[in-house]
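Next comes work_1.txt, a file with compact mmCIF, C-alpha atoms.
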# COMPACT_ATOMS: atom_id res chain seq x y z
CA MET Q 276 169.42 103.94 102.89
CA LYS Q 277 168.83 102.73 99.34
CA ILE Q 278 171.35 103.86 96.71
CA ILE Q 279 170.26 103.75 93.06
CA LYS Q 280 172.82 104.33 90.31
CA GLU Q 281 170.51 104.10 87.31
CA LEU Q 282 167.40 105.97 86.24
CA VAL Q 283 164.92 103.31 87.31
CA ARG Q 284 161.42 104.22 88.45
CA SER Q 285 160.99 104.70 92.20
CA ASP Q 286 158.86 102.13 93.99
CA ARG Q 287 156.85 104.90 95.66
CA PRO Q 288 156.26 108.63 95.25
CA THR Q 289 159.04 110.83 96.63
CA ALA Q 290 159.97 114.17 98.11
CA ALA Q 291 163.19 114.85 96.21
CA ALA Q 292 166.02 117.22 97.15
CA LEU Q 293 168.13 118.19 94.15
CA GLY Q 294 171.81 119.11 94.22
CA PHE Q 295 175.41 117.96 94.03
CA PHE Q 296 175.70 118.58 97.78
CA ASP Q 297 179.51 118.55 98.00
CA GLY Q 298 180.31 118.93 101.69
CA VAL Q 299 176.66 118.66 102.77
CA HIS Q 300 177.12 122.11 104.32
CA ARG Q 301 174.53 124.10 106.28
CA GLY Q 302 172.80 125.36 103.14
CA HIS Q 303 172.56 121.83 101.75
CA GLN Q 304 171.26 120.60 105.08
CA ALA Q 305 168.39 123.10 104.93
CA VAL Q 306 167.36 121.78 101.49
CA ILE Q 307 167.59 118.14 102.56
CA LYS Q 308 165.86 118.60 105.92
CA GLU Q 309 162.93 120.35 104.22
CA ALA Q 310 162.51 117.46 101.77
CA VAL Q 311 162.79 114.89 104.56
CA SER Q 312 160.25 116.73 106.73
CA THR Q 313 157.79 117.17 103.86
CA GLY Q 314 158.23 113.57 102.80
CA ARG Q 315 157.44 112.24 106.24
CA GLN Q 316 154.42 114.51 106.63
CA ARG Q 317 152.97 113.43 103.29
CA GLY Q 318 153.99 109.77 103.21
CA LEU Q 319 156.62 110.26 100.49
CA ILE Q 320 160.06 108.67 100.36
CA PRO Q 321 162.67 111.30 101.41
CA THR Q 322 164.96 111.19 98.38
CA VAL Q 323 168.10 112.93 97.18
CA PHE Q 324 169.11 113.26 93.55
CA THR Q 325 172.84 113.81 93.15
CA LEU Q 326 175.67 113.01 90.75
CA GLN Q 327 178.59 110.62 90.71
CA GLN Q 328 180.94 113.36 89.51
CA SER Q 329 181.00 117.14 89.45
CA PRO Q 330 179.58 118.48 86.17
CA ARG Q 331 182.59 120.78 85.87
CA THR Q 332 184.98 117.83 85.72
CA VAL Q 333 183.00 116.45 82.77
CA LEU Q 334 182.25 119.69 80.95
CA PHE Q 335 185.52 121.56 81.46
CA GLY Q 336 188.02 118.88 82.48
CA GLU Q 337 188.60 120.50 85.86
CA GLU Q 338 190.44 118.54 88.51
CA ALA Q 339 188.11 117.01 91.10
CA ARG Q 340 188.43 118.92 94.40
CA ALA Q 341 185.69 117.51 96.59
CA ILE Q 342 185.25 118.61 100.20
CA ILE Q 343 184.36 115.13 101.42
CA THR Q 344 184.54 111.61 100.04
CA LEU Q 345 181.51 110.05 98.42
CA GLU Q 346 181.31 107.64 101.35
CA GLU Q 347 181.10 110.49 103.83
CA LYS Q 348 178.55 112.34 101.71
CA LEU Q 349 176.26 109.31 101.65
CA SER Q 350 176.73 108.86 105.39
CA ARG Q 351 175.78 112.51 106.03
CA LEU Q 352 172.68 112.16 103.86
CA GLU Q 353 171.57 109.11 105.80
CA GLU Q 354 172.11 110.93 109.10
CA LEU Q 355 169.74 113.65 107.86
CA GLY Q 356 166.98 111.11 107.33
CA VAL Q 357 167.30 110.48 103.60
CA GLU Q 358 165.93 107.04 102.70
CA GLN Q 359 166.79 106.89 99.00
CA VAL Q 360 169.59 108.39 96.91
CA TYR Q 361 169.73 108.53 93.12
CA LEU Q 362 173.48 108.67 92.47
CA ILE Q 363 173.58 109.20 88.71
CA ASP Q 364 176.37 109.52 86.15
CA PHE Q 365 176.20 113.11 84.91
CA THR Q 366 176.74 112.06 81.29
CA THR Q 367 173.34 110.31 81.26
CA ILE Q 368 171.48 113.60 81.82
CA ARG Q 369 173.86 116.29 80.53
CA ASN Q 370 171.91 116.92 77.31
CA MET Q 371 168.44 117.03 78.86
CA THR Q 372 166.66 120.38 78.82
CA ALA Q 373 165.28 121.67 82.09
CA GLU Q 374 161.76 120.65 81.08
CA ASP Q 375 162.93 117.20 79.93
CA PHE Q 376 164.56 116.67 83.31
CA VAL Q 377 161.45 117.66 85.26
CA ARG Q 378 159.05 115.69 83.06
CA ASP Q 379 161.11 112.56 82.38
CA VAL Q 380 163.28 112.24 85.48
CA LEU Q 381 161.74 114.18 88.36
CA ILE Q 382 158.19 113.08 87.52
CA GLY Q 383 158.75 109.99 85.39
CA ILE Q 384 161.57 108.34 87.38
CA PHE Q 385 161.51 109.78 90.89
CA ARG Q 386 157.69 110.03 90.97
CA ALA Q 387 158.24 113.27 92.87
CA GLU Q 388 155.23 114.93 94.44
CA HIS Q 389 157.44 117.48 96.15
CA THR Q 390 160.88 118.78 95.28
CA GLY Q 391 163.37 121.31 96.60
CA CYS Q 392 166.71 122.92 95.84
CA GLY Q 393 169.03 125.68 96.97
CA PHE Q 394 168.97 129.29 95.78
CA ASN Q 395 171.89 128.73 93.40
CA TYR Q 396 170.90 125.34 91.97
CA HIS Q 397 171.14 124.97 88.19
CA PHE Q 398 170.07 122.07 86.03
CA GLY Q 399 169.32 121.08 82.46
CA SER Q 400 171.44 121.48 79.33
CA GLY Q 401 173.65 124.54 79.58
CA ALA Q 402 172.63 124.89 83.25
CA LYS Q 403 169.70 127.00 82.05
CA GLY Q 404 167.34 125.78 84.75
CA ASN Q 405 167.28 127.42 88.19
CA GLY Q 406 165.04 127.59 91.23
CA THR Q 407 162.54 129.90 89.54
CA ILE Q 408 162.24 127.65 86.48
CA LEU Q 409 162.00 124.57 88.69
CA SER Q 410 159.14 126.19 90.62
CA GLN Q 411 157.32 127.06 87.39
CA LEU Q 412 157.74 123.59 85.91
CA ALA Q 413 156.77 121.92 89.17
CA ALA Q 414 153.53 123.91 89.25
CA GLN Q 415 152.89 122.98 85.61
CA TYR Q 416 153.17 119.29 86.46
CA GLY Q 417 151.19 119.55 89.69
CA ILE Q 418 153.90 119.09 92.31
CA THR Q 419 155.01 121.36 95.12
CA GLU Q 420 158.47 122.95 95.23
CA THR Q 421 160.58 124.82 97.77
CA THR Q 422 163.70 126.83 96.94
CA GLN Q 423 165.75 127.52 100.06
CA PRO Q 424 167.00 131.12 100.41
CA ARG Q 425 170.70 131.88 100.69
CA LEU Q 426 172.27 131.17 104.05
CA CYS Q 427 175.14 133.49 104.93
CA PHE Q 428 178.35 133.39 106.94
CA ASP Q 429 180.36 136.59 107.48
CA GLY Q 430 177.97 138.44 105.20
CA GLU Q 431 178.41 136.18 102.16
CA PRO Q 432 176.40 133.14 101.00
CA ILE Q 433 177.62 129.77 102.18
CA SER Q 434 178.78 127.70 99.24
CA SER Q 435 180.94 124.69 98.50
CA THR Q 436 183.27 126.98 96.52
CA ARG Q 437 183.88 129.18 99.58
CA ILE Q 438 184.47 126.14 101.79
CA ARG Q 439 187.01 124.67 99.35
CA LYS Q 440 188.84 127.99 99.28
CA CYS Q 441 188.95 128.17 103.08
CA ILE Q 442 190.28 124.63 103.37
CA ALA Q 443 192.95 125.31 100.73
CA GLN Q 444 194.03 128.37 102.71
CA GLY Q 445 194.10 126.50 106.04
CA ASP Q 446 191.12 128.43 107.39
CA VAL Q 447 189.37 125.35 108.73
CA ALA Q 448 187.61 127.40 111.41
CA SER Q 449 185.59 129.25 108.74
CA ALA Q 450 185.08 126.05 106.76
CA ASN Q 451 183.74 124.37 109.89
CA ALA Q 452 181.36 127.25 110.57
CA MET Q 453 179.89 126.88 107.09
CA LEU Q 454 179.80 123.09 107.21
CA GLY Q 455 178.11 123.06 110.60
CA ARG Q 456 180.68 120.52 111.81
CA GLN Q 457 184.44 119.94 111.70
CA CYS Q 458 185.99 119.05 108.37
CA GLY Q 459 188.29 116.06 108.34
CA TYR Q 460 188.89 112.53 107.19
CA LYS Q 461 187.52 109.11 108.05
CA LEU Q 462 190.22 106.85 106.66
CA PRO Q 463 192.03 103.58 107.35
CA VAL Q 464 195.28 103.71 109.32
CA VAL Q 465 198.29 102.55 107.31
CA HIS Q 466 201.85 101.69 108.24
CA GLY Q 467 204.30 104.58 108.14
CA ARG Q 468 208.03 104.79 108.73
CA LYS Q 469 207.49 104.76 112.52
CA LEU Q 470 209.79 107.76 112.85
CA GLY Q 471 207.41 109.50 115.27
CA ARG Q 472 207.68 106.56 117.62
CA THR Q 473 211.45 106.92 117.80
CA LEU Q 474 211.00 110.62 118.58
CA GLY Q 475 208.53 109.95 121.39
CA PHE Q 476 205.26 110.73 119.62
CA PRO Q 477 203.81 107.72 117.76
CA THR Q 478 201.35 108.74 115.08
CA ILE Q 479 198.50 107.25 113.10
CA ASN Q 480 199.08 107.61 109.37
CA GLN Q 481 196.35 107.97 106.77
CA LEU Q 482 196.66 108.60 103.04
CA MET Q 483 194.82 111.59 101.56
CA PRO Q 484 192.36 110.22 98.95
CA GLU Q 485 192.65 111.42 95.38
CA GLY Q 486 190.01 113.92 94.27
CA LEU Q 487 189.73 115.86 97.52
CA VAL Q 488 190.63 119.50 97.98
CA LYS Q 489 194.04 119.61 99.65
CA PRO Q 490 194.30 121.71 102.81
CA LEU Q 491 197.16 124.13 103.26
CA PHE Q 492 200.02 121.85 104.25
CA GLY Q 493 200.92 122.17 107.89
CA ALA Q 494 199.96 121.30 111.45
CA TYR Q 495 196.39 121.42 112.75
CA ALA Q 496 194.68 121.04 116.11
CA SER Q 497 192.47 118.00 115.74
CA THR Q 498 190.43 115.35 117.48
CA ALA Q 499 190.12 111.66 116.71
CA VAL Q 500 187.42 109.28 117.86
CA ILE Q 501 188.51 105.82 119.00
CA ASP Q 502 185.97 103.38 120.45
CA GLY Q 503 183.54 106.24 120.99
CA THR Q 504 186.03 108.41 122.89
CA GLU Q 505 187.33 111.68 121.47
CA TYR Q 506 191.04 112.42 121.90
CA LEU Q 507 193.03 115.58 121.27
CA GLY Q 508 195.36 115.35 118.33
CA VAL Q 509 198.05 117.20 116.42
CA THR Q 510 197.61 116.45 112.73
CA ASP Q 511 200.27 117.16 110.14
CA ILE Q 512 199.04 117.24 106.55
CA GLY Q 513 201.55 117.35 103.73
CA ILE Q 514 204.51 115.58 102.21
CA LYS Q 515 206.83 115.50 105.25
CA PRO Q 516 209.63 117.68 103.81
CA THR Q 517 211.99 116.87 106.68
CA VAL Q 518 211.96 113.12 106.05
CA GLY Q 519 210.37 112.95 102.60
CA SER Q 520 207.15 111.40 101.29
CA ASP Q 521 205.75 110.76 97.81
CA ARG Q 522 202.12 110.95 98.96
CA VAL Q 523 200.06 113.52 100.81
CA THR Q 524 199.58 112.05 104.26
CA VAL Q 525 197.37 112.84 107.23
CA GLU Q 526 199.60 112.07 110.22
CA THR Q 527 198.10 112.48 113.68
CA TRP Q 528 199.74 112.30 117.09
CA LEU Q 529 197.32 111.58 119.94
CA PRO Q 530 199.34 112.51 123.03
CA ASP Q 531 196.72 111.27 125.50
CA TYR Q 532 195.97 107.97 123.78
CA CYS Q 533 197.76 104.86 125.05
CA GLY Q 534 195.63 102.02 123.71
CA ARG Q 535 196.12 99.31 121.11
CA GLU Q 536 197.73 99.61 117.68
CA LEU Q 537 195.25 100.97 115.16
CA TYR Q 538 196.64 99.69 111.85
CA GLY Q 539 193.88 98.75 109.44
CA GLU Q 540 191.16 100.45 111.47
CA THR Q 541 189.17 103.36 110.08
CA ILE Q 542 189.61 106.41 112.31
CA ASP Q 543 187.71 109.68 112.09
CA VAL Q 544 190.06 112.68 112.42
CA ARG Q 545 188.53 116.17 112.55
CA LEU Q 546 190.38 119.47 112.12
CA HIS Q 547 189.63 122.36 114.49
CA GLY Q 548 192.27 125.00 113.82
CA PHE Q 549 195.45 125.76 111.90
CA ILE Q 550 198.67 125.90 113.92
CA ARG Q 551 201.51 126.50 111.48
CA PRO Q 552 202.50 125.86 107.85
CA GLU Q 553 204.57 122.87 106.86
CA LYS Q 554 208.33 123.43 106.89
CA LYS Q 555 211.54 121.50 106.54
CA PHE Q 556 213.42 121.27 109.82
CA GLU Q 557 217.20 121.17 110.03
CA SER Q 558 217.22 118.19 112.38
CA LEU Q 559 214.95 115.61 113.94
CA ASN Q 560 215.46 117.28 117.32
CA GLU Q 561 214.16 120.54 115.87
CA LEU Q 562 211.18 118.62 114.45
CA ARG Q 563 210.52 117.06 117.85
CA SER Q 564 210.57 120.46 119.58
CA ALA Q 565 208.16 121.85 117.00
CA VAL Q 566 205.69 118.99 117.48
CA LEU Q 567 205.74 119.45 121.26
CA ALA Q 568 205.03 123.15 120.77
CA ASP Q 569 202.22 122.21 118.37
CA GLU Q 570 200.69 120.07 121.10
CA GLN Q 571 200.46 123.02 123.47
CA GLN Q 572 198.92 125.20 120.79
CA ALA Q 573 196.44 122.43 119.92
CA ARG Q 574 195.35 122.24 123.55
CA ARG Q 575 194.75 125.98 123.60
CA ILE Q 576 192.71 125.81 120.39
CA LEU Q 577 190.61 122.89 121.61
CA LEU Q 578 190.05 124.56 124.98
CA ARG Q 579 188.94 127.73 123.22
CA HIS Q 580 186.51 125.76 121.11
CA LYS Q 581 185.28 123.92 124.20
CA THR Q 582 185.46 120.63 122.35
CA GLY Q 583 185.30 118.47 125.41
CA TYR Q 584 188.07 116.09 124.33
CA THR Q 585 189.34 113.55 126.83
CA ASP Q 586 192.80 113.59 128.33
CA GLY Q 587 192.56 109.85 128.91
CA THR Q 588 192.31 110.15 132.71
CA GLY Q 589 188.58 109.39 132.87
Just give me the structure of the file as structure tokens.
Amino acid sequence: MKIIKELVRSDRPTAAALGFFDGVHRGHQAVIKEAVSTGRQRGLIPTVFTLQQSPRTVLFGEEARAIITLEEKLSRLEELGVEQVYLIDFTTIRNMTAEDFVRDVLIGIFRAEHTGCGFNYHFGSGAKGNGTILSQLAAQYGITETTQPRLCFDGEPISSTRIRKCIAQGDVASANAMLGRQCGYKLPVVHGRKLGRTLGFPTINQLMPEGLVKPLFGAYASTAVIDGTEYLGVTDIGIKPTVGSDRVTVETWLPDYCGRELYGETIDVRLHGFIRPEKKFESLNELRSAVLADEQQARRILLRHKTGYTDGTG
């Protein structure tokens, strides 16, 4: 997949999906799949236009609270069949009117012959452009356009804002339903204090990247993929109040895994359900008992979700 970080003219005409696409949730997937399908049918490059940073962080100074890392977002786009991504600095387009954007960027740079967006997409200076305006401008310039209707979960539209709120509240089950997959982290394993090993449950430690929405601190039922095999996990996210930590860590115990050390490897950990909030235990023995209880609860959650994790017995 080709990634372009400047507004340079596309080599070929495109079918362009427009959006920030944080999380690449089910609604986003509908927009992208339509552009990919149309592009392939008409011989156009399936293209995504997105931004390097959230407009709200630039316009209002809000803290970045992304659902997934940029690396994961690009990986998800490629999985959906996108062949070209314009990943543009928001400041280069922030003052363009909606018509300027369509004429100079969508037509002039992307060479779009088809475009699409979600029902709540806004663009142009002051976010005055929307799906209706995009459709009108597209017709004016002789290209086709599709605005995807709202996609709902529990009676309300799926949105990145809702998913962030669910993650922050520990409701990863609802977040997963809206994402169409499990939320989680694909991160390198770093050295920890090796305390879990002394307590009988060695863990893999990963550092929460800056700029992501922080889940409710606590223990989660999880899975981790190692060498193509999925293992049950108990993941603790937080600052380890019992032993102390100055960084938010993602610490996962894989009770059924007995393979090699994983330091330096990038491991994909996915969250399936919330078990309990983070707490400070009075002793390491109390902590150990809690983790063992977490394991049993994790197995029940994974069994209920019919994940199909391995217990390592083959």
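Distance-wise, atom CA of Leu507 of chain Q and atom CA of Leu529 of chain Q end up 6.0 Å apart.
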Take the point (181.3, 110.1, 88.5) in the file's coordinates, draw a sphere of radius 7 Å around it, and report as an MDAnalysis selection string every protein, DNA or RNA residue with an atom inside or on it, counting only C-alpha atoms. chainID Q and resid 326:328 364:365
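The interatomic distance for the pair atom CA of Phe398 of chain Q and atom CA of Val283 of chain Q works out to 19.5 Å.
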Give me, please, the distance in Å between atom CA of Gln359 of chain Q and atom CA of Cys427 of chain Q, quoted to one decimal. 28.5 Å
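Selecting by distance to (201.2, 125.6, 110.0) with a limit of 9 Å and using all atoms listed in the file, one obtains Gly445, Leu491, Phe492, Gly493, Ala494, Tyr495, Asp511, Phe549, Ile550, Arg551, Pro552, Glu553 and Lys554 of chain Q.
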Using only C-alpha atoms, determine which residues lie at most 8 Å from segment 310-323 of chain Q, disregarding the query and same-chain residues fewer than 5 positions distant; provide the list as a ChimeraX atom specification. /Q:287-294,355-361,388-391
Contacts of Met453 of chain Q at 8 Å or less, counting only C-alpha atoms, minus same-chain residues fewer than 3 places along, as an MDAnalysis selection string? chainID Q and resid 300:301 428 433:434 438 449:450 456
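Among the candidate residues Q:Leu546, Q:Ala496, Q:Ile408, Q:Leu381, the one lying nearest to Val447 of chain Q is Q:Leu546, with distances computed using only C-alpha atoms.
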Once N, CA and C atoms are restored for segment 494-506 of chain Q, what would the output be as a compact mmCIF listing (two decimals), keeping the file's coordinate frame?
# COMPACT_ATOMS: atom_id res chain seq x y z
N ALA Q 494 200.44 121.95 110.23
CA ALA Q 494 199.96 121.30 111.45
C ALA Q 494 198.62 121.90 111.87
N TYR Q 495 197.73 121.02 112.34
CA TYR Q 495 196.39 121.42 112.75
C TYR Q 495 196.06 120.84 114.12
N ALA Q 496 195.30 121.60 114.90
CA ALA Q 496 194.68 121.04 116.11
C ALA Q 496 193.54 120.15 115.65
N SER Q 497 193.46 118.96 116.22
CA SER Q 497 192.47 118.00 115.74
C SER Q 497 191.92 117.18 116.89
N THR Q 498 190.92 116.38 116.57
CA THR Q 498 190.43 115.35 117.48
C THR Q 498 190.26 114.08 116.67
N ALA Q 499 190.37 112.95 117.34
CA ALA Q 499 190.12 111.66 116.71
C ALA Q 499 189.26 110.82 117.64
N VAL Q 500 188.32 110.12 117.08
CA VAL Q 500 187.42 109.28 117.86
C VAL Q 500 187.87 107.83 117.76
N ILE Q 501 188.11 107.22 118.93
CA ILE Q 501 188.51 105.82 119.00
C ILE Q 501 187.60 105.14 120.02
N ASP Q 502 186.89 104.12 119.58
CA ASP Q 502 185.97 103.38 120.45
C ASP Q 502 184.99 104.32 121.17
N GLY Q 503 184.53 105.33 120.44
CA GLY Q 503 183.54 106.24 120.99
C GLY Q 503 184.08 107.35 121.87
N THR Q 504 185.41 107.36 122.07
CA THR Q 504 186.03 108.41 122.89
C THR Q 504 186.81 109.37 122.00
N GLU Q 505 186.66 110.65 122.26
CA GLU Q 505 187.33 111.68 121.47
C GLU Q 505 188.63 112.10 122.14
N TYR Q 506 189.72 112.06 121.39
CA TYR Q 506 191.04 112.42 121.90
C TYR Q 506 191.59 113.64 121.16
